[in-house]
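**Q** This is the structure, below, for whatever I ask next.
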Amino acid sequence: MATRRISSGVWIVVLLAAALATVSFLSVQASRNIPEKGTVSADPKPTPKPRPSAVKPKIYPVPENSGTGRRVVYSLSQKRVWLVSESESTARTFTVWPGNVAPAVGKYPVAFRRAEGTGSDGVRIQHAVYFGARSAFSHAVDGASPAPDGTLKTGAIRESVADGTALWNFATKGTLVRVVG
């Protein structure tokens, strides 16, 4: 008894026809579930509206007795910097990671700035803004941990790359830096 083989072309036609029939059937089923234009579908479980966040962002007011006018305010106790505009509004505030040689409380003009270099702890830094005798704001070039090496005597005050760039753009030579307790 001889077996008849079905050619591969016939198999392709049969599979293609079956696929088209399946897609057509599913399309008809799906179109039956679409509401007509202008009708409202009652959802048994409506999606709840998102609630406003119960947690408000923390506000860090500029410390009292930090002067007036356009200035950089650096709080030793809060490890925080404020960039204050001429109109007394806070342009930006952020945390910093100070070295182990803190500047004395007082006011200092920005003495000079250095776009790039090496910090006193050997880290490649950017946007160094120097004030006072031995203090400078800067950030690590590679964006690594902003905290300066605590084993070395350093007046480095490190910040994130974004905050360092903002401080660099704000604190030009002569800008007042107020250091508060």
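Lettering and numbering for the structure tokens are positional, with chains as A, B, ... in the shown order, residues counted from 1 in each chain, and ligands counted from 1 in the shown order.
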Quick one: residues within 9 Å of Tyr108 of chain A, only C-alpha atoms, excluding same-chain residues fewer than 5 positions away - as a PDB file with N, CA, C and O atoms, in the first residue's frame?
**A**
```
ATOM      1  N   PHE A 131      36.710  80.357  49.537  1.00  0.00           N
ATOM      2  CA  PHE A 131      36.381  81.497  50.393  1.00  0.00           C
ATOM      3  C   PHE A 131      37.114  81.305  51.708  1.00  0.00           C
ATOM      4  O   PHE A 131      37.478  80.188  52.070  1.00  0.00           O
ATOM      5  N   GLY A 132      37.315  82.364  52.445  1.00  0.00           N
ATOM      6  CA  GLY A 132      38.024  82.243  53.723  1.00  0.00           C
ATOM      7  C   GLY A 132      39.453  81.796  53.507  1.00  0.00           C
ATOM      8  O   GLY A 132      39.963  81.755  52.394  1.00  0.00           O
ATOM      9  N   GLY A 174      33.810  87.364  44.391  1.00  0.00           N
ATOM     10  CA  GLY A 174      33.265  88.478  45.150  1.00  0.00           C
ATOM     11  C   GLY A 174      31.904  88.204  45.786  1.00  0.00           C
ATOM     12  O   GLY A 174      31.491  88.941  46.670  1.00  0.00           O
ATOM     13  N   THR A 175      31.221  87.143  45.352  1.00  0.00           N
ATOM     14  CA  THR A 175      29.923  86.800  45.972  1.00  0.00           C
ATOM     15  C   THR A 175      30.146  86.521  47.449  1.00  0.00           C
ATOM     16  O   THR A 175      31.115  85.862  47.831  1.00  0.00           O
ATOM     17  N   LEU A 176      29.258  87.016  48.288  1.00  0.00           N
ATOM     18  CA  LEU A 176      29.398  86.849  49.728  1.00  0.00           C
ATOM     19  C   LEU A 176      28.984  85.437  50.165  1.00  0.00           C
ATOM     20  O   LEU A 176      27.951  84.928  49.748  1.00  0.00           O
ATOM     21  N   VAL A 177      29.819  84.816  50.996  1.00  0.00           N
ATOM     22  CA  VAL A 177      29.504  83.528  51.626  1.00  0.00           C
ATOM     23  C   VAL A 177      29.358  83.806  53.111  1.00  0.00           C
ATOM     24  O   VAL A 177      30.289  84.270  53.762  1.00  0.00           O
ATOM     25  N   ARG A 178      28.162  83.522  53.650  1.00  0.00           N
ATOM     26  CA  ARG A 178      27.912  83.688  55.093  1.00  0.00           C
ATOM     27  C   ARG A 178      27.955  82.320  55.745  1.00  0.00           C
ATOM     28  O   ARG A 178      27.169  81.431  55.398  1.00  0.00           O
ATOM     29  N   VAL A 179      28.867  82.119  56.669  1.00  0.00           N
ATOM     30  CA  VAL A 179      28.969  80.870  57.418  1.00  0.00           C
ATOM     31  C   VAL A 179      28.279  81.096  58.753  1.00  0.00           C
ATOM     32  O   VAL A 179      28.605  82.033  59.483  1.00  0.00           O
TER      33      VAL A 179
END
```
**Q** Please give the complete set of residues from chain A that DSSP, run on the backbone, assigns to alpha helix (DSSP H), formatted as a PyMOL selection string.
**A** chain A and resi 8-32+161-170
**Q** Once you have the residues from the selection above, write them out as a JSON list (two decimals), in the first residue's frame, restricted to N, CA and C atoms.
**A**
```
[["chain", "number", "residue", "atom", "x", "y", "z"],
["A", 8, "SER", "N", 4.37, 20.31, 0.58],
["A", 8, "SER", "CA", 4.55, 21.39, 1.56],
["A", 8, "SER", "C", 3.74, 22.62, 1.19],
["A", 9, "GLY", "N", 3.50, 22.84, -0.09],
["A", 9, "GLY", "CA", 2.69, 23.98, -0.53],
["A", 9, "GLY", "C", 1.27, 23.89, -0.01],
["A", 10, "VAL", "N", 0.72, 22.68, 0.00],
["A", 10, "VAL", "CA", -0.64, 22.47, 0.49],
["A", 10, "VAL", "C", -0.68, 22.75, 2.00],
["A", 11, "TRP", "N", 0.31, 22.26, 2.71],
["A", 11, "TRP", "CA", 0.35, 22.52, 4.16],
["A", 11, "TRP", "C", 0.39, 24.02, 4.45],
["A", 12, "ILE", "N", 1.18, 24.76, 3.71],
["A", 12, "ILE", "CA", 1.27, 26.21, 3.92],
["A", 12, "ILE", "C", -0.08, 26.87, 3.68],
["A", 13, "VAL", "N", -0.79, 26.47, 2.63],
["A", 13, "VAL", "CA", -2.10, 27.05, 2.33],
["A", 13, "VAL", "C", -3.09, 26.72, 3.45],
["A", 14, "VAL", "N", -3.07, 25.50, 3.93],
["A", 14, "VAL", "CA", -3.99, 25.08, 5.00],
["A", 14, "VAL", "C", -3.70, 25.87, 6.29],
["A", 15, "LEU", "N", -2.42, 26.00, 6.66],
["A", 15, "LEU", "CA", -2.08, 26.73, 7.89],
["A", 15, "LEU", "C", -2.41, 28.21, 7.77],
["A", 16, "LEU", "N", -2.18, 28.78, 6.59],
["A", 16, "LEU", "CA", -2.49, 30.20, 6.38],
["A", 16, "LEU", "C", -4.00, 30.43, 6.48],
["A", 17, "ALA", "N", -4.78, 29.55, 5.90],
["A", 17, "ALA", "CA", -6.24, 29.68, 5.95],
["A", 17, "ALA", "C", -6.73, 29.56, 7.40],
["A", 18, "ALA", "N", -6.15, 28.65, 8.16],
["A", 18, "ALA", "CA", -6.55, 28.48, 9.57],
["A", 18, "ALA", "C", -6.19, 29.73, 10.38],
["A", 19, "ALA", "N", -5.02, 30.29, 10.12],
["A", 19, "ALA", "CA", -4.61, 31.49, 10.84],
["A", 19, "ALA", "C", -5.53, 32.67, 10.52],
["A", 20, "LEU", "N", -5.87, 32.84, 9.25],
["A", 20, "LEU", "CA", -6.77, 33.93, 8.86],
["A", 20, "LEU", "C", -8.16, 33.74, 9.47],
["A", 21, "ALA", "N", -8.63, 32.54, 9.52],
["A", 21, "ALA", "CA", -9.95, 32.27, 10.11],
["A", 21, "ALA", "C", -9.93, 32.59, 11.60],
["A", 22, "THR", "N", -8.85, 32.24, 12.30],
["A", 22, "THR", "CA", -8.74, 32.51, 13.73],
["A", 22, "THR", "C", -8.70, 34.01, 13.99],
["A", 23, "VAL", "N", -7.90, 34.75, 13.22],
["A", 23, "VAL", "CA", -7.80, 36.20, 13.40],
["A", 23, "VAL", "C", -9.15, 36.86, 13.11],
["A", 24, "SER", "N", -9.85, 36.42, 12.07],
["A", 24, "SER", "CA", -11.16, 36.98, 11.74],
["A", 24, "SER", "C", -12.16, 36.74, 12.86],
["A", 25, "PHE", "N", -12.16, 35.52, 13.40],
["A", 25, "PHE", "CA", -13.08, 35.19, 14.49],
["A", 25, "PHE", "C", -12.81, 36.06, 15.72],
["A", 26, "LEU", "N", -11.54, 36.21, 16.07],
["A", 26, "LEU", "CA", -11.19, 37.01, 17.24],
["A", 26, "LEU", "C", -11.52, 38.49, 17.03],
["A", 27, "SER", "N", -11.38, 38.99, 15.81],
["A", 27, "SER", "CA", -11.71, 40.38, 15.51],
["A", 27, "SER", "C", -13.20, 40.63, 15.69],
["A", 28, "VAL", "N", -14.02, 39.70, 15.21],
["A", 28, "VAL", "CA", -15.47, 39.85, 15.36],
["A", 28, "VAL", "C", -15.84, 39.84, 16.84],
["A", 29, "GLN", "N", -15.25, 38.95, 17.61],
["A", 29, "GLN", "CA", -15.54, 38.88, 19.05],
["A", 29, "GLN", "C", -15.15, 40.18, 19.75],
["A", 30, "ALA", "N", -14.01, 40.72, 19.40],
["A", 30, "ALA", "CA", -13.54, 41.95, 20.03],
["A", 30, "ALA", "C", -14.42, 43.13, 19.65],
["A", 31, "SER", "N", -14.86, 43.20, 18.41],
["A", 31, "SER", "CA", -15.69, 44.33, 17.98],
["A", 31, "SER", "C", -17.04, 44.33, 18.68],
["A", 32, "ARG", "N", -17.53, 43.20, 19.11],
["A", 32, "ARG", "CA", -18.80, 43.12, 19.83],
["A", 32, "ARG", "C", -18.70, 43.74, 21.22],
["A", 161, "VAL", "N", 27.27, 66.62, 42.04],
["A", 161, "VAL", "CA", 27.67, 67.26, 40.79],
["A", 161, "VAL", "C", 26.66, 68.36, 40.42],
["A", 162, "ALA", "N", 25.36, 68.05, 40.49],
["A", 162, "ALA", "CA", 24.33, 69.04, 40.11],
["A", 162, "ALA", "C", 24.38, 70.25, 41.03],
["A", 163, "ASP", "N", 24.52, 70.02, 42.33],
["A", 163, "ASP", "CA", 24.58, 71.13, 43.28],
["A", 163, "ASP", "C", 25.87, 71.93, 43.10],
["A", 164, "GLY", "N", 26.97, 71.23, 42.83],
["A", 164, "GLY", "CA", 28.25, 71.91, 42.60],
["A", 164, "GLY", "C", 28.20, 72.81, 41.37],
["A", 165, "THR", "N", 27.53, 72.34, 40.33],
["A", 165, "THR", "CA", 27.38, 73.14, 39.12],
["A", 165, "THR", "C", 26.52, 74.37, 39.40],
["A", 166, "ALA", "N", 25.44, 74.19, 40.15],
["A", 166, "ALA", "CA", 24.57, 75.33, 40.49],
["A", 166, "ALA", "C", 25.33, 76.36, 41.32],
["A", 167, "LEU", "N", 26.11, 75.90, 42.30],
["A", 167, "LEU", "CA", 26.89, 76.82, 43.14],
["A", 167, "LEU", "C", 27.93, 77.55, 42.29],
["A", 168, "TRP", "N", 28.60, 76.84, 41.39],
["A", 168, "TRP", "CA", 29.60, 77.43, 40.49],
["A", 168, "TRP", "C", 28.98, 78.56, 39.66],
["A", 169, "ASN", "N", 27.79, 78.31, 39.12],
["A", 169, "ASN", "CA", 27.11, 79.31, 38.29],
["A", 169, "ASN", "C", 26.64, 80.51, 39.12],
["A", 170, "PHE", "N", 26.34, 80.29, 40.40],
["A", 170, "PHE", "CA", 25.81, 81.35, 41.26],
["A", 170, "PHE", "C", 26.92, 82.17, 41.91]]
```
**Q** What is the atom CA of Ala144 of chain A-atom CA of Phe94 of chain A distance in Å, reported with one decimal?
**A**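 Between atom CA of Ala144 of chain A and atom CA of Phe94 of chain A the gap is 16.9 Å.
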**Q** Please compute the atom CA of Ala133 of chain A-atom CA of Ser87 of chain A distance, one decimal, in Å.
**A**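 Interatomic distance here is 28.9 Å.
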**Q** Can you build me a table of segment 74-109 of chain A residues sitting at most 9 Å from segment 60-67 of chain A, with the closest atom pair per residue and its distance in Å to one decimal, using only C-alpha atoms, sorted by chain and residue number, as a Markdown table?
**A**
```
| residue | atom | partner | partner_atom | distance |
| --- | --- | --- | --- | --- |
| A:Tyr74 | CA | A:Ser66 | CA | 8.9 |
| A:Ser75 | CA | A:Pro63 | CA | 7.7 |
| A:Val81 | CA | A:Val62 | CA | 8.9 |
| A:Trp82 | CA | A:Val62 | CA | 6.7 |
| A:Val84 | CA | A:Val62 | CA | 8.2 |
| A:Thr90 | CA | A:Val62 | CA | 7.6 |
| A:Thr93 | CA | A:Tyr60 | CA | 7.6 |
| A:Lys107 | CA | A:Gly67 | CA | 8.9 |
```
**Q** Assign secondary structure with DSSP using the backbone only, and return the residues of chain A in strand (DSSP E) as an mmCIF file with N, CA and C atoms, in the first residue's frame.
**A**
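The result, written out as out_38.cif:
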```cif
data_model
loop_
_atom_site.group_PDB
_atom_site.id
_atom_site.type_symbol
_atom_site.label_atom_id
_atom_site.label_comp_id
_atom_site.auth_asym_id
_atom_site.auth_seq_id
_atom_site.Cartn_x
_atom_site.Cartn_y
_atom_site.Cartn_z
ATOM 1 N N ARG A 71 23.612 86.075 48.199
ATOM 2 C CA ARG A 71 24.669 85.467 48.991
ATOM 3 C C ARG A 71 24.545 83.950 48.985
ATOM 4 N N VAL A 72 25.634 83.311 49.417
ATOM 5 C CA VAL A 72 25.646 81.873 49.692
ATOM 6 C C VAL A 72 25.650 81.758 51.209
ATOM 7 N N VAL A 73 24.733 80.968 51.753
ATOM 8 C CA VAL A 73 24.687 80.743 53.196
ATOM 9 C C VAL A 73 25.080 79.294 53.448
ATOM 10 N N TYR A 74 26.041 79.105 54.347
ATOM 11 C CA TYR A 74 26.517 77.758 54.691
ATOM 12 C C TYR A 74 26.317 77.552 56.181
ATOM 13 N N SER A 75 25.468 76.594 56.542
ATOM 14 C CA SER A 75 25.204 76.263 57.941
ATOM 15 C C SER A 75 26.065 75.078 58.358
ATOM 16 N N ARG A 80 24.319 72.306 55.296
ATOM 17 C CA ARG A 80 23.426 72.703 54.216
ATOM 18 C C ARG A 80 23.860 74.055 53.678
ATOM 19 N N VAL A 81 23.628 74.250 52.380
ATOM 20 C CA VAL A 81 23.932 75.500 51.695
ATOM 21 C C VAL A 81 22.651 76.043 51.071
ATOM 22 N N TRP A 82 22.501 77.363 51.098
ATOM 23 C CA TRP A 82 21.413 78.055 50.421
ATOM 24 C C TRP A 82 22.029 79.039 49.431
ATOM 25 N N LEU A 83 21.485 79.122 48.257
ATOM 26 C CA LEU A 83 21.850 80.147 47.294
ATOM 27 C C LEU A 83 20.694 81.143 47.326
ATOM 28 N N VAL A 84 20.961 82.332 47.862
ATOM 29 C CA VAL A 84 19.908 83.314 48.098
ATOM 30 C C VAL A 84 20.040 84.447 47.082
ATOM 31 N N THR A 90 15.082 81.857 47.985
ATOM 32 C CA THR A 90 16.067 80.785 47.883
ATOM 33 C C THR A 90 16.052 80.223 46.462
ATOM 34 N N ALA A 91 17.150 80.388 45.761
ATOM 35 C CA ALA A 91 17.267 79.849 44.414
ATOM 36 C C ALA A 91 17.483 78.344 44.459
ATOM 37 N N ARG A 92 18.168 77.867 45.504
ATOM 38 C CA ARG A 92 18.449 76.435 45.648
ATOM 39 C C ARG A 92 18.987 76.193 47.050
ATOM 40 N N THR A 93 18.701 75.032 47.598
ATOM 41 C CA THR A 93 19.299 74.609 48.861
ATOM 42 C C THR A 93 19.653 73.136 48.740
ATOM 43 N N PHE A 94 20.745 72.740 49.416
ATOM 44 C CA PHE A 94 21.196 71.356 49.304
ATOM 45 C C PHE A 94 22.125 71.028 50.465
ATOM 46 N N THR A 95 22.268 69.726 50.721
ATOM 47 C CA THR A 95 23.174 69.269 51.763
ATOM 48 C C THR A 95 24.588 69.193 51.206
ATOM 49 N N TRP A 97 28.838 67.818 52.330
ATOM 50 C CA TRP A 97 29.630 66.904 53.127
ATOM 51 C C TRP A 97 30.948 67.602 53.447
ATOM 52 N N PRO A 98 31.041 68.202 54.635
ATOM 53 C CA PRO A 98 32.241 68.990 54.961
ATOM 54 C C PRO A 98 33.442 68.129 55.324
ATOM 55 N N GLY A 106 31.180 83.578 60.079
ATOM 56 C CA GLY A 106 31.455 84.921 59.600
ATOM 57 C C GLY A 106 31.078 85.082 58.150
ATOM 58 N N LYS A 107 31.527 86.181 57.538
ATOM 59 C CA LYS A 107 31.224 86.419 56.126
ATOM 60 C C LYS A 107 32.527 86.563 55.351
ATOM 61 N N TYR A 108 32.532 85.976 54.159
ATOM 62 C CA TYR A 108 33.727 85.916 53.323
ATOM 63 C C TYR A 108 33.320 86.131 51.862
ATOM 64 N N PRO A 109 34.072 86.896 51.116
ATOM 65 C CA PRO A 109 33.800 86.957 49.677
ATOM 66 C C PRO A 109 34.438 85.745 48.994
ATOM 67 N N VAL A 110 33.861 85.334 47.879
ATOM 68 C CA VAL A 110 34.496 84.288 47.079
ATOM 69 C C VAL A 110 35.816 84.877 46.588
ATOM 70 N N ALA A 111 36.933 84.256 46.973
ATOM 71 C CA ALA A 111 38.265 84.777 46.659
ATOM 72 C C ALA A 111 38.698 84.405 45.248
ATOM 73 N N PHE A 112 38.504 83.138 44.888
ATOM 74 C CA PHE A 112 38.805 82.705 43.530
ATOM 75 C C PHE A 112 38.093 81.390 43.271
ATOM 76 N N ARG A 113 38.108 80.993 42.008
ATOM 77 C CA ARG A 113 37.432 79.769 41.582
ATOM 78 C C ARG A 113 38.369 78.991 40.669
ATOM 79 N N ARG A 114 38.218 77.683 40.696
ATOM 80 C CA ARG A 114 39.043 76.821 39.851
ATOM 81 C C ARG A 114 38.115 75.810 39.191
ATOM 82 N N ALA A 115 38.136 75.756 37.866
ATOM 83 C CA ALA A 115 37.221 74.873 37.133
ATOM 84 C C ALA A 115 37.504 73.396 37.404
ATOM 85 N N GLU A 116 38.798 73.020 37.442
ATOM 86 C CA GLU A 116 39.174 71.625 37.696
ATOM 87 C C GLU A 116 40.491 71.585 38.429
ATOM 88 N N GLY A 117 40.712 70.495 39.122
ATOM 89 C CA GLY A 117 41.981 70.316 39.813
ATOM 90 C C GLY A 117 41.941 69.076 40.677
ATOM 91 N N THR A 118 42.843 69.030 41.633
ATOM 92 C CA THR A 118 42.909 67.930 42.590
ATOM 93 C C THR A 118 42.711 68.514 43.976
ATOM 94 N N ARG A 124 40.088 64.075 42.223
ATOM 95 C CA ARG A 124 39.896 65.024 41.120
ATOM 96 C C ARG A 124 38.579 65.751 41.350
ATOM 97 N N ILE A 125 38.635 67.084 41.344
ATOM 98 C CA ILE A 125 37.455 67.885 41.642
ATOM 99 C C ILE A 125 37.141 68.842 40.501
ATOM 100 N N GLN A 126 35.931 69.363 40.542
ATOM 101 C CA GLN A 126 35.459 70.363 39.591
ATOM 102 C C GLN A 126 34.763 71.458 40.354
ATOM 103 N N HIS A 127 34.673 72.622 39.723
ATOM 104 C CA HIS A 127 33.888 73.745 40.227
ATOM 105 C C HIS A 127 34.232 74.103 41.675
ATOM 106 N N ALA A 128 35.500 74.284 41.946
ATOM 107 C CA ALA A 128 35.947 74.665 43.296
ATOM 108 C C ALA A 128 35.734 76.166 43.477
ATOM 109 N N VAL A 129 35.025 76.522 44.548
ATOM 110 C CA VAL A 129 34.734 77.920 44.880
ATOM 111 C C VAL A 129 35.378 78.181 46.240
ATOM 112 N N TYR A 130 36.435 78.985 46.262
ATOM 113 C CA TYR A 130 37.233 79.216 47.468
ATOM 114 C C TYR A 130 36.771 80.467 48.206
ATOM 115 N N PHE A 131 36.710 80.357 49.537
ATOM 116 C CA PHE A 131 36.381 81.497 50.393
ATOM 117 C C PHE A 131 37.114 81.305 51.708
ATOM 118 N N SER A 135 38.967 77.238 52.940
ATOM 119 C CA SER A 135 37.713 76.532 52.659
ATOM 120 C C SER A 135 37.321 76.661 51.198
ATOM 121 N N ALA A 136 36.719 75.595 50.688
ATOM 122 C CA ALA A 136 36.243 75.605 49.300
ATOM 123 C C ALA A 136 35.102 74.614 49.130
ATOM 124 N N PHE A 137 34.126 75.001 48.335
ATOM 125 C CA PHE A 137 33.072 74.100 47.896
ATOM 126 C C PHE A 137 33.571 73.440 46.605
ATOM 127 N N SER A 138 33.289 72.156 46.415
ATOM 128 C CA SER A 138 33.658 71.471 45.175
ATOM 129 C C SER A 138 32.901 70.154 45.082
ATOM 130 N N HIS A 139 33.003 69.520 43.919
ATOM 131 C CA HIS A 139 32.445 68.169 43.781
ATOM 132 C C HIS A 139 33.433 67.299 43.021
ATOM 133 N N ALA A 140 33.354 65.991 43.272
ATOM 134 C CA ALA A 140 34.244 65.037 42.612
ATOM 135 C C ALA A 140 33.892 64.959 41.127
ATOM 136 N N ALA A 156 37.728 71.078 52.553
ATOM 137 C CA ALA A 156 36.834 70.793 51.427
ATOM 138 C C ALA A 156 35.402 70.639 51.913
ATOM 139 N N ILE A 157 34.504 71.223 51.181
ATOM 140 C CA ILE A 157 33.069 71.064 51.439
ATOM 141 C C ILE A 157 32.508 70.531 50.133
ATOM 142 N N ARG A 158 32.176 69.243 50.131
ATOM 143 C CA ARG A 158 31.773 68.587 48.892
ATOM 144 C C ARG A 158 30.257 68.587 48.750
ATOM 145 N N LEU A 176 29.258 87.016 48.288
ATOM 146 C CA LEU A 176 29.398 86.849 49.728
ATOM 147 C C LEU A 176 28.984 85.437 50.165
ATOM 148 N N VAL A 177 29.819 84.816 50.996
ATOM 149 C CA VAL A 177 29.504 83.528 51.626
ATOM 150 C C VAL A 177 29.358 83.806 53.111
ATOM 151 N N ARG A 178 28.162 83.522 53.650
ATOM 152 C CA ARG A 178 27.912 83.688 55.093
ATOM 153 C C ARG A 178 27.955 82.320 55.745
ATOM 154 N N VAL A 179 28.867 82.119 56.669
ATOM 155 C CA VAL A 179 28.969 80.870 57.418
ATOM 156 C C VAL A 179 28.279 81.096 58.753
ATOM 157 N N VAL A 180 27.279 80.248 59.046
ATOM 158 C CA VAL A 180 26.544 80.356 60.311
ATOM 159 C C VAL A 180 26.710 79.050 61.075
#
```
